[in-house]
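J.: Just passing along the structure, written as C-alpha cells.
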Amino acid sequence: MPTPAISVKDLHKSFGDFEAVKGVDFEVATGEVFGFLGPNGAGKTTTINMLCTLTRPTSGNAEVAGFDVATARDDVRRHIGLVFQDQTLDGYLSAEQNLRLHAELYGVEKAAVKPRMEQVLRMVGLWERRDSQVLTFSGGMRRRLEIARGLMHSPRVLFLDEPTIGLDPQTRASIWGYIRQLQRSEEITIFMTTHYMDEAEFCGRIVIMDHGEIVALDTPAALKEAVGADRIRIETDDDERAIAELAERFGLEATVSEGAVSFAVADGEEFVPRLFAELDVPIRSVNLSRPTLDDVFMSHTGTTIRDAEESAAKNRNRAVMQAMVGRR
Amino acid sequence: MSDATIPATAAPGAPAPPPTVAVHVPPRSWRSELRAIKIVWRRELIRFQKDRMRIVTALVQPLLFLFVLGSGLQQLSAASTHGVELKTFIYPGVLCISVMFTAMFSAASIVWDREFGFLREMMVAPVRRSSIVVGKVFGGATVASLQGVILLALAWTVHVPYSVGLVLGVFALQLLLAFSITAFGVMVAARIKQMQSFMGVMQMIVTPMFFISGALFPTAELPGWLAFLNRIDPITYAVAPMRTLIFANLDISAEAHQALNPPITWFGWDVPVALQIFTVFALGMVMLAIAIAEFSAGE
Ligand SMILES: Nc1ncnc2c1ncn2[C@@H]1O[C@H](COP(=O)(O)OP(=O)(O)OP(=O)(O)O)[C@@H](O)[C@H]1O
Ligand SMILES: [Mg+2]
C-alpha cells in the first residue's frame, strides 16, 4: 500500500487543563475525500490546525503527505492547501493580487503562476472578476476565491474547514462540484470538516467526532448499515407517557429530540400498524425514515447534531446571561 | 452583483475542465525567503497607494505643527531665534513627526491583519516567520518615508533651499527613523492583539517620546530632569541629525547655529552625528530581532 496522505496516531491537544482532542487515530488514503463531522466544539478545527502545523500537538504524532507535522513543518506546508473556517483574504487587494501574493509566498515558479491562476479562477467561476477588489465580493464568492487560492500551489492535500457554512444551496452544490472535479483531474486528497449531515454523504469515508473523540469512522454506507434499524418519529399528546409505554410494551428505548419522540426499530413498516393499535397515547403524526447519517450520529452520541449544538449554544447563552446578571 | 450572475463553470455536467496546470513548490531556500519578503513589502505599498484618505489625513498633524504652531508662536520666540523663523526651526522636527506617526499606523496594519485573519494566511506559508516580519517592517518603513517625502516638498514654504544632498539625506534619515518605529510597533503588536489597546499603547509611548525629543525646542540649557529624559529618548538621535542636515543648508549666523542646533552631549561629551544615527539604527535592529523572536515563537 502506498504511503497514506494523512496518518494520525494517538493525537492529543490540551488547552490548559481542557482536553480539546483526546487521542485520535486515523489514516487517509491518497485521493480520498475524507469528512470530519461533529457538532460545534467537537475539536474539528483543533485537529485540522495540528495537521496544518498551526498548532503543536500536546502528544501523539501525525504525518501529512509523508512528513511529520512536528518535525518537518515546512515540508508539510509546501504540500498542503488550506481553507480556514473564517475568512483570511486581503479585502483591499483584488482577487488576482490575493492569488499572486499566495503564489509568491509559496515560491511557485514565475512562469506557472499565470496559467495556474487562470485555471483555478475559471474553476470557481471568478475569472471575469479577477480585477475586482475582494471587499466587493459576496460571502460565497470569497469562499470560492479562498478555495482557488488554496489550490494555487497544487497541494497534495487540501484542508477545508467548513467550506460550505453559511452558503446558499446553489453555492454549496458548486463547491461540491469543484471537489469532485478536483478528484478527477488532480491527484489530490481532500480533508474537510462539516456539520451538515447531508454533505457528509459525499465523502468517501467519514469520521464522527464528539467531545474530542472519534466515535465512528467508516464509509457513509457502512455507517448507515451498522445502524440497521429504521427510525420512527412520532408526535404525541403526552411524550413522557409514550416513552414509558414504548419501553414497557415493546422494549424500545425512545428519546425526545427536536420536539418528537424518536426510536429505532428493525422493520419499521410492519411496526407502524402495531404502534397505532397498541399505544394508548394519541398519536398526532408519524414519520418513518431509513437510516441517515443523522441517525448514525444519533446512535453514537445519543443526540442529533442539532440538539448537540443547541445545548452547546444554550450553555453559552447561560454563561453570557450569568456574566451580565453578575455584573449588575 | 449577486452570485447568480457568475457562470457556474463547475456545476455537474459542465464541459470538461481545461488541462490541469500542475505547479511545484520548491523546498525552502534563501531565494524563496527573498521572494516572500518582497511580496509582503509590495503588499504594504499597494495598500498605501489604494488608501488615499490615509495619505491626506496623515498630513494634518504635521501641517498643524508647522504652520499653526510655527506661525502662532513666532512672535513669542522671535527674540531668541537669531533671525531664524520658528517654522524653519521646527521643520526638521516636523519631518520626523510625520514619519513617526505614519510608521505607527503601518505597524498597526499587522494588528488588522490578525483581526481580519490575513496574518494566518502568511503564517502558514512555507517560509520563515522572520521573512514575513522583515517584509512587514520594511514595507511599513517605506510607506512612512514616502509620506515624509510629501513634507519634503514643502521645504520652500519654510525657506529651506533644496539640494540633492538635502533631499537624499532627509529621505535616508526618514527611512531610518521609519524603520525603527515600525520595528518597535511590530514588536508591540506581537504581544498586544487588540487594535484599540495597540493604538493606545503606541500613542502613550510615541507621543511623549516625540515631545521630549527636542523636535520643537533646542536641546541646550534644559532643566536637569528634561535634559536627562531628552538624552535617553531615542527619537532625540533622529531629530538632531535631521536638524543638523537641514541647518547645514541654511545661510544663518554662527550664534543661531549654536543656540538652535546645539550638539547633543553625554556628560559633557559631544556625541558625533554618526553615533547618533547608529543608535537609532541599532535600536531598530534590536526591536526587529525581538519582533522576529516573538512571532516565530507564537503558534
Ligand atoms: N486556543 C484555544 N484556547 C482554549 N480553548 C480552545 C482553543 N481553541 C479551541 N479551544 C476549545 O477546544 C474545543 C474544540 O474547538 P474546535 O474549534 O476544534 O471545535 P470545532 O469542532 O472546530 O467546532 P466548530 O464546529 O464550532 O468550528 C472548544 O471547546 C474550544 O473552546
Ligand atoms: Mg471549527
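In the C-alpha cells, the first chain shown is A, the next is B, and so on; residue numbers restart at 1 for each chain, and ligands run from 1 in the order shown.
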May I have a table of the residues of chain A lying at most 7 Å from ligand 1, giving each one's closest pair of atoms and their distance in Å to one decimal, counting only C-alpha atoms and all ligand atoms, ordered by chain and ascending residue number, as a Markdown table?
T.:
| residue | atom | partner | partner_atom_place_in_ligand_line | distance |
| --- | --- | --- | --- | --- |
| A:Phe15 | CA | ligand 1 | 4 (C) | 4.9 |
| A:Ala20 | CA | ligand 1 | 12 (O) | 4.4 |
| A:Gly38 | CA | ligand 1 | 21 (O) | 6.2 |
| A:Pro39 | CA | ligand 1 | 25 (O) | 5.5 |
| A:Asn40 | CA | ligand 1 | 25 (O) | 3.4 |
| A:Gly41 | CA | ligand 1 | 19 (O) | 3.4 |
| A:Ala42 | CA | ligand 1 | 21 (O) | 3.7 |
| A:Gly43 | CA | ligand 1 | 18 (O) | 3.1 |
| A:Lys44 | CA | ligand 1 | 21 (O) | 3.6 |
| A:Thr45 | CA | ligand 1 | 22 (O) | 3.6 |
| A:Thr46 | CA | ligand 1 | 18 (O) | 3.7 |
| A:Thr47 | CA | ligand 1 | 18 (O) | 6.4 |
| A:His195 | CA | ligand 1 | 25 (O) | 6.8 |
J.: Just want the 9 Å neighbourhood of Glu294 (chain B), counted on only C-alpha atoms, with same-chain residues fewer than 5 positions away dropped. Output as a PDB file with N, CA, C and O atoms, in the first residue's frame.
T.:
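Saved as out-v4.pdb:
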ATOM      1  N   MET B 187       6.959  44.900  17.106  1.00  0.00           N
ATOM      2  CA  MET B 187       7.316  44.211  18.340  1.00  0.00           C
ATOM      3  C   MET B 187       6.161  44.282  19.349  1.00  0.00           C
ATOM      4  O   MET B 187       5.789  43.287  19.969  1.00  0.00           O
ATOM      5  N   ALA B 190       3.209  42.045  18.437  1.00  0.00           N
ATOM      6  CA  ALA B 190       3.335  40.610  18.693  1.00  0.00           C
ATOM      7  C   ALA B 190       2.641  40.246  19.995  1.00  0.00           C
ATOM      8  O   ALA B 190       2.147  39.140  20.161  1.00  0.00           O
ATOM      9  N   ARG B 191       2.598  41.212  20.921  1.00  0.00           N
ATOM     10  CA  ARG B 191       2.016  40.960  22.225  1.00  0.00           C
ATOM     11  C   ARG B 191       0.580  41.465  22.350  1.00  0.00           C
ATOM     12  O   ARG B 191      -0.267  40.823  22.942  1.00  0.00           O
ATOM     13  N   ALA B 289      14.725  42.221  15.928  1.00  0.00           N
ATOM     14  CA  ALA B 289      15.098  40.874  16.375  1.00  0.00           C
ATOM     15  C   ALA B 289      14.090  40.357  17.397  1.00  0.00           C
ATOM     16  O   ALA B 289      13.676  39.183  17.351  1.00  0.00           O
TER      17      ALA B 289
END
J.: When distances are computed from only C-alpha atoms, which of B:Ala220, B:Leu288, B:Val167, B:Leu283 shows the smallest separation from Gly268 (chain B)?
T.: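 Looking at the shortest contact to Gly268 (chain B), the residue is B:Ala220.
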J.: Given a cut-off of 7 Å, which residues of chain A touch chain B, counting only C-alpha atoms, written out as a PyMOL selection string?
T.: chain A and resi 54-55+74+77-78+87-90+92+101+104-108+112+115-116+123-125+141+153-154+174+177-178+185
J.: I need the residues of region 56-234 of chain B that end up classed as helix (DSSP H, G or I) by DSSP on the backbone, written out as an NGL selection string.
T.: :B and (56-72 or 74-80 or 86-115 or 118-123 or 129-152 or 155-158 or 164-191 or 195-212 or 224-232)
J.: What's the 10 Å shell around Ala155 (chain B), counting only C-alpha atoms, without same-chain residues fewer than 2 positions away, as number ranges by chain?
T.: B: 88, 91-92, 95, 150-153, 157-162, 167, 246
J.: For the residues selected in the previous step, produce a file with all heavy atoms as a short mmCIF file (atom, residue, chain, number, x, y, z; two decimals), in the first residue's frame.
T.:
data_model
loop_
_atom_site.label_atom_id
_atom_site.label_comp_id
_atom_site.auth_asym_id
_atom_site.auth_seq_id
_atom_site.Cartn_x
_atom_site.Cartn_y
_atom_site.Cartn_z
N THR B 88 10.99 77.45 10.34
CA THR B 88 12.20 76.83 9.81
C THR B 88 12.87 75.98 10.88
O THR B 88 13.34 74.88 10.62
CB THR B 88 13.19 77.92 9.34
OG1 THR B 88 12.46 78.85 8.56
CG2 THR B 88 14.34 77.33 8.57
N TYR B 91 10.94 72.73 11.43
CA TYR B 91 10.75 71.90 10.23
C TYR B 91 11.41 70.52 10.34
O TYR B 91 10.75 69.50 10.07
CB TYR B 91 11.25 72.66 8.99
CG TYR B 91 11.10 71.91 7.70
CD1 TYR B 91 9.83 71.55 7.22
CD2 TYR B 91 12.21 71.56 6.94
CE1 TYR B 91 9.69 70.86 6.04
CE2 TYR B 91 12.07 70.86 5.74
CZ TYR B 91 10.82 70.51 5.30
OH TYR B 91 10.68 69.82 4.13
N PRO B 92 12.67 70.42 10.78
CA PRO B 92 13.25 69.07 10.91
C PRO B 92 12.46 68.19 11.87
O PRO B 92 12.27 67.00 11.61
CB PRO B 92 14.65 69.33 11.48
CG PRO B 92 14.92 70.77 11.25
CD PRO B 92 13.61 71.48 11.16
N LEU B 95 9.41 66.96 10.11
CA LEU B 95 9.74 65.86 9.19
C LEU B 95 9.77 64.53 9.95
O LEU B 95 9.37 63.49 9.44
CB LEU B 95 11.11 66.09 8.54
CG LEU B 95 11.20 67.17 7.46
CD1 LEU B 95 12.65 67.32 6.99
CD2 LEU B 95 10.31 66.85 6.28
N ILE B 150 6.30 63.84 0.98
CA ILE B 150 5.33 64.89 0.70
C ILE B 150 5.70 66.15 1.48
O ILE B 150 5.63 67.27 0.97
CB ILE B 150 3.90 64.42 1.08
CG1 ILE B 150 3.57 63.15 0.30
CG2 ILE B 150 2.89 65.53 0.82
CD1 ILE B 150 2.25 62.51 0.66
N LEU B 151 6.14 65.96 2.73
CA LEU B 151 6.52 67.12 3.54
C LEU B 151 7.82 67.74 3.05
O LEU B 151 8.03 68.95 3.18
CB LEU B 151 6.68 66.71 5.00
CG LEU B 151 5.39 66.58 5.77
CD1 LEU B 151 5.71 66.18 7.20
CD2 LEU B 151 4.60 67.87 5.76
N LEU B 152 8.65 66.89 2.47
CA LEU B 152 9.90 67.42 1.94
C LEU B 152 9.60 68.42 0.82
O LEU B 152 10.32 69.41 0.63
CB LEU B 152 10.75 66.25 1.41
CG LEU B 152 12.21 66.51 1.08
CD1 LEU B 152 12.94 67.11 2.26
CD2 LEU B 152 12.88 65.22 0.65
N ALA B 153 8.50 68.17 0.13
CA ALA B 153 8.12 69.08 -0.96
C ALA B 153 7.74 70.46 -0.42
O ALA B 153 7.66 71.43 -1.17
CB ALA B 153 6.95 68.48 -1.74
N THR B 157 8.39 76.44 1.53
CA THR B 157 7.50 77.31 2.29
C THR B 157 8.14 77.75 3.60
O THR B 157 7.68 78.70 4.22
CB THR B 157 6.16 76.63 2.62
OG1 THR B 157 6.43 75.50 3.46
CG2 THR B 157 5.43 76.18 1.37
N VAL B 158 9.17 77.03 4.07
CA VAL B 158 9.83 77.45 5.31
C VAL B 158 11.26 77.91 5.01
O VAL B 158 12.12 77.90 5.89
CB VAL B 158 9.82 76.33 6.37
CG1 VAL B 158 8.39 76.00 6.78
CG2 VAL B 158 10.52 75.08 5.86
N HIS B 159 11.48 78.29 3.77
CA HIS B 159 12.74 78.88 3.35
C HIS B 159 13.94 77.96 3.50
O HIS B 159 15.02 78.40 3.87
CB HIS B 159 13.01 80.21 4.10
CG HIS B 159 11.78 81.05 4.20
ND1 HIS B 159 11.10 81.51 3.08
CD2 HIS B 159 11.07 81.48 5.27
CE1 HIS B 159 10.03 82.18 3.48
NE2 HIS B 159 9.99 82.19 4.79
N VAL B 160 13.75 76.68 3.26
CA VAL B 160 14.89 75.77 3.21
C VAL B 160 15.18 75.50 1.74
O VAL B 160 14.32 74.97 1.04
CB VAL B 160 14.58 74.44 3.95
CG1 VAL B 160 15.74 73.46 3.78
CG2 VAL B 160 14.31 74.71 5.42
N PRO B 161 16.38 75.87 1.27
CA PRO B 161 16.68 75.66 -0.16
C PRO B 161 16.95 74.18 -0.43
O PRO B 161 17.48 73.46 0.41
CB PRO B 161 17.94 76.50 -0.37
CG PRO B 161 18.57 76.60 0.97
CD PRO B 161 17.49 76.50 1.99
N TYR B 162 16.55 73.73 -1.62
CA TYR B 162 16.77 72.33 -1.99
C TYR B 162 18.18 72.11 -2.49
O TYR B 162 18.79 72.98 -3.09
CB TYR B 162 15.81 71.92 -3.12
CG TYR B 162 14.39 71.87 -2.69
CD1 TYR B 162 13.50 72.86 -3.08
CD2 TYR B 162 13.94 70.83 -1.89
CE1 TYR B 162 12.18 72.82 -2.68
CE2 TYR B 162 12.61 70.79 -1.49
CZ TYR B 162 11.74 71.79 -1.88
OH TYR B 162 10.46 71.75 -1.49
N VAL B 167 17.90 66.44 -0.12
CA VAL B 167 16.78 65.54 -0.40
C VAL B 167 17.15 64.10 -0.06
O VAL B 167 16.43 63.39 0.65
CB VAL B 167 16.33 65.66 -1.87
CG1 VAL B 167 15.31 64.59 -2.21
CG2 VAL B 167 15.75 67.05 -2.12
N ILE B 246 19.46 69.84 7.91
CA ILE B 246 18.69 70.97 7.37
C ILE B 246 19.47 72.27 7.58
O ILE B 246 19.59 73.10 6.69
CB ILE B 246 17.31 71.08 8.05
CG1 ILE B 246 16.50 69.80 7.84
CG2 ILE B 246 16.55 72.32 7.59
CD1 ILE B 246 15.78 69.68 6.55
#
J.: Name all residues at most 7 Å from region 212-219 of chain A (count only C-alpha atoms; drop same-chain ones fewer than 5 positions away) and give them as a ChimeraX atom specification.
T.: /A:20-24,42-43,204-207,300
J.: Quick one, how far is CA of Gln194 (chain B) from CA of Gly148 (chain B)?
T.: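 Going from CA of Gln194 (chain B) over to CA of Gly148 (chain B) covers 27.5 Å.
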J.: As an NGL selection string, please: all residues of region 33-272 of chain A that backbone DSSP puts in strand (DSSP E).
T.: :A and (33-37 or 59-64 or 67-68 or 80-83 or 157-161 or 189-194 or 205-210 or 213-218 or 230-236 or 255-257 or 260-265)
J.: Measure the distance from CA of Arg56 (chain A) to CA of Ala70 (chain A) in Å and round it to one decimal.
T.: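 CA of Ala70 (chain A) lies 6.7 Å from CA of Arg56 (chain A).
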J.: Just want the 8 Å neighbourhood of Ala62 (chain A), counted on only C-alpha atoms, with same-chain residues fewer than 5 positions away dropped. Output as a PDB file with C-alpha atoms, in the first residue's frame.
T.:
ATOM      1  CA  ILE A   6      -2.543  11.575   6.238  1.00  0.00           C
ATOM      2  CA  SER A   7      -1.764   9.280   9.087  1.00  0.00           C
ATOM      3  CA  VAL A   8      -2.563  10.178  12.663  1.00  0.00           C
ATOM      4  CA  LYS A   9      -1.620   8.271  15.782  1.00  0.00           C
ATOM      5  CA  LEU A  11      -3.096  12.724  18.698  1.00  0.00           C
ATOM      6  CA  LEU A  51      -2.368  18.671  10.822  1.00  0.00           C
ATOM      7  CA  ASP A  68       5.807  14.706  10.265  1.00  0.00           C
ATOM      8  CA  VAL A  69       3.787  17.740  11.347  1.00  0.00           C
ATOM      9  CA  ALA A  70       6.008  18.418  14.343  1.00  0.00           C
TER      10      ALA A  70
END
J.: Quick one: of A:Ala29, A:Leu246, A:Met192, A:Val134, who's nearest to ligand 2, counting only C-alpha atoms and all ligand atoms?
T.: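 Smallest separation from ligand 2 among the options: A:Met192.
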J.: Nearest residue to Thr182 (chain B) out of B:Leu260, B:Leu226, B:Ile212, B:Met104, using only C-alpha atoms?
T.: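 Looking only at the distances to Thr182 (chain B), the closest residue turns out to be B:Met104.
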J.: Compile the contact shell of Ala244 (chain A) as a PyMOL selection string: residues with an atom at most 12 Å away, counting only C-alpha atoms, same-chain residues fewer than 3 positions apart removed.
T.: chain A and resi 238-241+247-256+261+279-281
J.: Which value, in Å to one decimal, gives the distance between CA of Ala297 (chain B) and CA of Met285 (chain B)?
T.: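 If I compute the distance from CA of Ala297 (chain B) to CA of Met285 (chain B), I get 18.2 Å.
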J.: For a quick check of understanding, using only C-alpha atoms and all ligand atoms, which of A:Ile190, A:Gln85, A:Glu19, A:Val296 has the smallest distance to ligand 2?
T.: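 Among A:Ile190, A:Gln85, A:Glu19, A:Val296, it is A:Gln85 that comes nearest to ligand 2.
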